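Let me begin by presenting the structure, written as structure tokens, before commenting on it.
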Amino acid sequence: MGLRNLITQCRTVLVLVHELHVCGYQRLRAVPEMEPSGNGWRCAIAPVSLVSAEHGARLGLDWRDRHDSHRIATYTSRDENRYFEWTDIYPYATAKELALYFLERFPQVAEAGEGSDWLYAGWYMDMLRLTEPDRFPYAGARSEVPDTYLPTASPARDRPNVRIPLPPPGEALASRPGRPGRPGRPGRRELPTLPARRAPSLVRRRLAV
């Protein structure tokens, strides 16, 4: 997998969320994380009702208890251009084309995210501008992640990281910092992790933090 392809595929997922906003689904949010292994980047798309009221780019604490995984769609960079494990679509589909597939194939996610949220949609467009062309925000990683901004990662060498202001808060029970896939420390709540994904047998490429 070439570096340019990796960047294009991950950026396409970020732009996909913007295209969903354009279609009237502004209550859908991007929840980006580094993989717990540190070997990739992933991004969940979830309704604001499942996003933490304390941190607008993390899932709330209770989504597992509420059995809400069917309202979360997750992309991982390991899937390359098999977006969301789809194998029957054109591999070079645009973000706008993927948005139409998304609405068709994730109807419960779409239904939960339908409606206006101009504050978040505006923040999201600014985030895309700040991270252009090859940076990727994340709110969770195997190491501690700041609570006051979103750091960025890039697979490109010698690219300075950018601090992205936090998005508007979500509506779910608040989360607290932690490490994806690891037990929380005593006296600390564990950071909710994204739904588990099947790991394809592909060569992984690390996104350098």
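Starting from 1 in every chain, residues are counted up; chains themselves are A, B, ... following the order of the structure tokens, and ligands are numbered from 1 as listed.
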
Item to complete: Find the residues around Glu85 (chain A) up to 9 Å (only C-alpha atoms counted), leave out those fewer than 4 positions away in its own chain, and share them as an NGL selection string.
Response: :A and (75 or 79 or 81)

Practice prompt. Would you list, as a ChimeraX atom specification, the residues of region 4-187 of chain A that end up in alpha helix (DSSP H) under DSSP run on this structure's backbone?
Written response: /A:4-22,95-105,107-113,118-131

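One finds CA of Ala53 (chain A) at 28.6 Å from CA of Leu98 (chain A).
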
Practice prompt. Fewer than 6 positions away in the same chain doesn't count, so skip those; otherwise give me all residues within 8 Å of His18 (chain A), counting only C-alpha atoms, as an NGL selection string.
Written response: :A and (121 or 124-125)

Practice prompt. Excluding Leu50 (chain A) and any residue of its chain fewer than 2 positions from it, enumerate the residues within 9 Å of it, using only C-alpha atoms, and give them as a list in words.
Written response: Ala46, Pro47, Val48, Ser52, Ala53, Arg58, Leu59, Gly60, Leu61, Asp62, Trp63, Asp68, Arg71, Ile72, Gly170, Glu171, Ala172 and Leu173 of chain A

Could you save the residues just selected, with C-alpha atoms, as a CSV table (one decimal), in the first residue's frame?
```csv
chain,number,residue,atom,x,y,z
A,46,ALA,CA,-21.8,7.8,15.3
A,47,PRO,CA,-24.8,10.0,16.2
A,48,VAL,CA,-24.2,12.8,18.6
A,52,SER,CA,-19.6,12.2,25.2
A,53,ALA,CA,-21.1,15.4,26.7
A,58,ARG,CA,-15.1,10.5,22.1
A,59,LEU,CA,-17.9,8.0,22.6
A,60,GLY,CA,-19.9,8.3,25.9
A,61,LEU,CA,-19.5,5.6,28.6
A,62,ASP,CA,-22.8,3.8,28.2
A,63,TRP,CA,-23.1,2.9,24.5
A,68,ASP,CA,-25.9,0.7,20.4
A,71,ARG,CA,-25.6,2.8,15.4
A,72,ILE,CA,-21.8,3.0,14.9
A,170,GLY,CA,-22.1,15.4,22.5
A,171,GLU,CA,-25.1,14.2,24.4
A,172,ALA,CA,-24.0,11.0,26.1
A,173,LEU,CA,-22.7,10.2,29.6
```
